[in-house]
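A.B. asks: Before I ask anything, here is the structure I am working with.
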Amino acid sequence: MKRIPWTLVVFAVAFFVPWLGSRFYTFIATDVAILALFALSLNLLLGYTGLVSFGHAAYFGIGAYTSAIMMKTLGLPFWLAWPAAGLAGGLFALVFGFFCVRLTKIYFAMLTLAFAQIVWAVCFKWNDVTGGEQGMPNVPYPSLGWMAAIPGLDGFRVGDRFYLLTLTLVAIAVAALRRIVASPFGRILTLIRENPERAEFIGIDVRRYQLAAFSIAGIFAGLAGSLFGIFNRGVFPDFAYWTKSAEVLIMTILGGMGHFWGPAVGAAALTILNLQITAYTEYWPLILGSILILLLFAFPGGLVGTTVDLARRLRGGTRGNGGRDARRP
Amino acid sequence: MLDVRDLKKSFAGFLAVADVTFSLLPRSVTAIIGPNGAGKSTLFNLITGHIPPSGGQVFHKGTDITAAAPHRICRRGIGRSFQHTNIFPGLTVFECIQAAFIAHHGRGRNIWGRAERLYRAETDALLGRLGLADKADAVAGALSHGNQKQIELGIALASDPDILLLDEPTAGMSAVETRETIGLLRSITEERGLTLLFTEHDMEVVFGIAERIGVLHQGRLIALGTPDQIRADPEVRRIYLGGH
Ligand SMILES: Nc1ncnc2c1ncn2[C@@H]1O[C@H](COP(=O)(O)OP(=O)(O)OP(=O)(O)O)[C@@H](O)[C@H]1O
Ligand SMILES: [Mg+2]
């Protein structure tokens, strides 16, 4: 049986969302695309390296503030601000990660959280630069006038245009991430996830690789944060708050950290669920909690892990392995 | 090749390894034997940087490597296997060995290439020799204990060490697997000119392949010599060999 290139199909379908003509659908699709990138960046740590970060929002926030400051305060163009956001996310991850990888397991997780809270506190208090508690509203859109020159896009609202830009950039970033996990470097990360002790004894400097993974995850989180700040029409300290870190962690686990696309599916599921439920009730956190508990028990490999497992079993092929195949993306 | 001097390890006052001194000549095959709890595994852990010694030194080709990081020691060409299988349980057998090749060749810095294409021939060749060719695609952690021991050995061999330390390489293997593994060790040691240091409870294996045997008892090296010398040593006979 020939394999369907699902990735391309999904991307192609997503590309045509603005043609539906609904502001709402474009809004959701932008949100999902950005958060998918954010969740996929976390999974480089969680699913591939076996590092649990409770503070991944720090780098998302740093990326968002970096590009907001560059674009709003300094009036620099987006094509400079976006890479700079990734760079800033990566640099901070390198510095904080240097300390974090010295610890293991829960201590590692707690330290990532501590650094994230520091980032949040700085964003919250440094009024002159970050706008403090009020954040920085009205981050400008990138100039997207050139898109009008492309036939078929001339009638589009700026939100639609920004969505197309976002989708393209996210696609490029995700393709790079996918390449990285399939690289020799990515393979070494899976060794570390599987057995860090043994990895040392085949000559792997485990901490150095963990730090590299942490920094790379920071870069992609920063890129996602930059897009999110623009999409959100402003950046706020909440971007780096622990609840944001928890949210992306939930997305990743919900979608399934054992599969490359799991976190993206988790991001879509959680975002849509959130919108659906808040439309009916104000008890979103309560419902979210209950759904999560249910899903964690019913789908231990996450949505994607369980689906892949099921599909394999239906085909009568080899038995599934609980969705733990991050190594075979 | 490897010089161990007055190596000591105490766990909360209990001396697990006490003043052990010995040297390995290039291309020699040495066995360390001793009853349970004699300190054999601890000795290996000290040499390979797994745990820091309480005293003494380890030299590799004249360089002091005492308490160096395990990955540094491995990079110098000192490989090891573990008594209790210590593999990458979620990967397939093929991936375990392939990844060990990738790590050994320092390819891990490459974040853009395709891992699956690397060292396929080398991996297949090693799996063939280990007798694991038909299990290449099985998930390592789901295999029998004996197979996992073979993978353990394969991971160590993929690093192409000059000195190989094997902690009970055949423990838990079936008779057939043991025979195959010993045959493999013999031929690979020969081909690659390996220096081998191993522990083993199976005396047939020990006397079958070791050129020199050291006897560890309560952390002390009480004898070191050729198999014949060890067989004839009255103290060793009294403490350990008994009926053998
Ligand atoms: N991490 C540790 N902490 C405390 N005691 C330890 C530790 N590791 C080993 N020991 C003790 O040191 C002694 C030597 O243990 P070791 O594992 O080196 O023995 P061994 O010769 O390998 O035995 P076996 O033949 O059973 O593998 C034992 O009494 C053991 O209980
Ligand atoms: Mg032992």
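Following the order of the structure tokens, chains are lettered A, B, ..., residues in each are numbered from 1, and ligands are numbered from 1.
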Using only C-alpha atoms and all ligand atoms, what does the table of chain B residues within 6 Å of ligand 1 look like, with each row giving the shortest atom pair and its distance in Å to one decimal, sorted by chain and ascending number, as a tab-separated table?
C.D. replies:
```
residue	atom	partner	partner_atom_place_in_ligand_line	distance
B:Phe11	CA	ligand 1	4 (C)	4.9
B:Ala16	CA	ligand 1	12 (O)	4.4
B:Pro35	CA	ligand 1	25 (O)	5.8
B:Asn36	CA	ligand 1	25 (O)	3.6
B:Gly37	CA	ligand 1	19 (O)	3.4
B:Ala38	CA	ligand 1	21 (O)	3.8
B:Gly39	CA	ligand 1	18 (O)	3.1
B:Lys40	CA	ligand 1	21 (O)	3.7
B:Ser41	CA	ligand 1	22 (O)	3.6
B:Thr42	CA	ligand 1	18 (O)	3.6
```
A.B. asks: Near Pro53 in chain B, counting only C-alpha atoms, which residues have an atom at most 12 Å away, once you skip same-chain residues fewer than 6 positions from it, shown as a CSV table (one decimal) with N, CA, C and O atoms, in the first residue's frame?
C.D. replies:
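Written output follows (part03.csv):
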```
chain,number,residue,atom,x,y,z
B,4,VAL,N,46.6,-0.1,37.0
B,4,VAL,CA,45.8,0.2,38.1
B,4,VAL,C,46.6,0.2,39.4
B,4,VAL,O,47.3,-0.8,39.6
B,5,ARG,N,46.6,1.3,40.1
B,5,ARG,CA,47.5,1.4,41.3
B,5,ARG,C,46.8,1.7,42.6
B,5,ARG,O,46.1,2.7,42.7
B,6,ASP,N,46.9,0.8,43.5
B,6,ASP,CA,46.3,0.9,44.8
B,6,ASP,C,44.9,1.4,44.8
B,6,ASP,O,44.5,2.3,45.6
B,7,LEU,N,44.1,1.0,43.9
B,7,LEU,CA,42.7,1.4,43.8
B,7,LEU,C,41.9,1.0,45.0
B,7,LEU,O,41.9,-0.1,45.4
B,8,LYS,N,41.1,1.9,45.5
B,8,LYS,CA,40.4,1.7,46.7
B,8,LYS,C,38.9,2.3,46.5
B,8,LYS,O,38.8,3.3,45.9
B,9,LYS,N,38.0,1.6,47.1
B,9,LYS,CA,36.6,2.2,47.2
B,9,LYS,C,36.0,1.8,48.4
B,9,LYS,O,35.9,0.6,48.7
B,10,SER,N,35.5,2.7,49.2
B,10,SER,CA,34.8,2.3,50.4
B,10,SER,C,33.4,3.0,50.3
B,10,SER,O,33.2,4.1,49.9
B,11,PHE,N,32.4,2.1,50.6
B,11,PHE,CA,31.0,2.6,50.6
B,11,PHE,C,30.6,2.7,52.1
B,11,PHE,O,30.5,1.7,52.8
B,15,LEU,N,34.9,-1.4,52.8
B,15,LEU,CA,35.8,-1.5,51.7
B,15,LEU,C,35.4,-2.5,50.7
B,15,LEU,O,35.6,-3.7,50.9
B,16,ALA,N,34.9,-2.0,49.5
B,16,ALA,CA,34.5,-2.9,48.5
B,16,ALA,C,35.7,-3.3,47.6
B,16,ALA,O,35.8,-4.4,47.1
B,17,VAL,N,36.6,-2.3,47.4
B,17,VAL,CA,37.8,-2.6,46.7
B,17,VAL,C,39.0,-2.0,47.5
B,17,VAL,O,38.9,-0.9,47.9
B,18,ALA,N,40.0,-2.9,47.8
B,18,ALA,CA,41.0,-2.4,48.7
B,18,ALA,C,42.4,-2.6,48.0
B,18,ALA,O,42.8,-3.7,47.7
B,19,ASP,N,43.0,-1.5,47.8
B,19,ASP,CA,44.4,-1.5,47.3
B,19,ASP,C,44.7,-2.5,46.2
B,19,ASP,O,45.6,-3.3,46.2
B,20,VAL,N,43.9,-2.4,45.1
B,20,VAL,CA,44.1,-3.3,44.0
B,20,VAL,C,45.1,-2.7,43.0
B,20,VAL,O,45.0,-1.5,42.6
B,42,THR,N,32.5,-3.4,41.1
B,42,THR,CA,33.0,-2.1,41.6
B,42,THR,C,34.3,-1.7,41.0
B,42,THR,O,34.5,-0.6,40.6
B,43,LEU,N,35.2,-2.7,40.9
B,43,LEU,CA,36.5,-2.4,40.3
B,43,LEU,C,36.3,-1.9,38.8
B,43,LEU,O,37.0,-0.9,38.4
B,44,PHE,N,35.4,-2.5,38.1
B,44,PHE,CA,35.2,-2.1,36.7
B,44,PHE,C,34.6,-0.7,36.7
B,44,PHE,O,35.0,0.2,35.9
B,45,ASN,N,33.7,-0.4,37.7
B,45,ASN,CA,33.1,0.9,37.7
B,45,ASN,C,34.1,2.0,38.1
B,45,ASN,O,34.0,3.1,37.6
B,46,LEU,N,35.1,1.6,38.8
B,46,LEU,CA,36.2,2.6,39.2
B,46,LEU,C,37.0,2.9,37.9
B,46,LEU,O,37.4,4.0,37.6
B,47,ILE,N,37.4,1.8,37.2
B,47,ILE,CA,38.3,2.0,36.1
B,47,ILE,C,37.6,2.8,35.0
B,47,ILE,O,38.2,3.7,34.3
B,65,ILE,N,43.9,8.7,34.2
B,65,ILE,CA,42.4,8.8,33.9
B,65,ILE,C,41.6,8.6,35.1
B,65,ILE,O,40.4,8.4,35.0
B,66,THR,N,42.1,8.7,36.3
B,66,THR,CA,41.4,8.4,37.5
B,66,THR,C,40.2,9.4,37.6
B,66,THR,O,40.3,10.6,37.4
B,67,ALA,N,39.0,8.8,37.8
B,67,ALA,CA,37.8,9.6,38.0
B,67,ALA,C,37.5,10.5,36.8
B,67,ALA,O,36.8,11.5,37.0
B,68,ALA,N,38.0,10.2,35.6
B,68,ALA,CA,37.6,11.1,34.5
B,68,ALA,C,36.2,10.7,34.1
B,68,ALA,O,35.6,9.7,34.5
```
A.B. asks: Tell me, in Å to one decimal, how far CA of Phe94 in chain B is from CA of Leu164 in chain B.
C.D. replies: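 Taking CA of Phe94 in chain B and CA of Leu164 in chain B, their separation equals 21.4 Å.
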A.B. asks: Tell me, as a PDB file with C-alpha atoms, in the first residue's frame, which residues lie within 8 Å of Leu37 in chain A, counting only C-alpha atoms; anything in the same chain fewer than 5 positions away does not count.
C.D. replies:
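The new file part_20.pdb reads:
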```
ATOM      1  CA  VAL A 170       5.819  27.432  10.680  1.00  0.00           C
ATOM      2  CA  ALA A 173      10.515  25.693  10.980  1.00  0.00           C
ATOM      3  CA  VAL A 174       8.766  22.363  11.453  1.00  0.00           C
ATOM      4  CA  PHE A 220      12.004  27.175  17.942  1.00  0.00           C
ATOM      5  CA  ALA A 221      10.019  28.289  20.977  1.00  0.00           C
ATOM      6  CA  ALA A 224       6.776  30.585  17.802  1.00  0.00           C
ATOM      7  CA  ALA A 264       0.864  19.412  16.793  1.00  0.00           C
TER       8      ALA A 264
END
```
A.B. asks: Could you list the residues in chain B lying within 7 Å of chain A, using only C-alpha atoms, and format the result as a ChimeraX atom specification?
C.D. replies: /B:70-72,74-75,86-90,99-100,102-104,107-115,159
A.B. asks: Select, from A:Lys125, A:His259, A:Lys244, A:Arg315, the residue with the minimum atom-to-atom distance to Leu35 in chain A, counting only C-alpha atoms.
C.D. replies: A:Lys244
A.B. asks: Mind the document's chain letters and residue numbers, and return as a PyMOL selection string the residues of range 29-206 of chain B that DSSP labels strand (DSSP E).
C.D. replies: chain B and resi 29-33+55-60+63-64+78-81+163-167+195-199
A.B. asks: Given the choices B:Ala210, B:Ala171, B:Ala125, B:Leu130, which gets closest to ligand 2 if the distance is worked out from only C-alpha atoms and all ligand atoms?
C.D. replies: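 For ligand 2, the nearest of the candidates is B:Ala171.
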A.B. asks: Report as a PyMOL selection string: the residues of range 34-101 of chain A with a DSSP assignment of helix (DSSP H, G or I), based on the backbone of this structure.
C.D. replies: chain A and resi 34-49+57-73+78-100
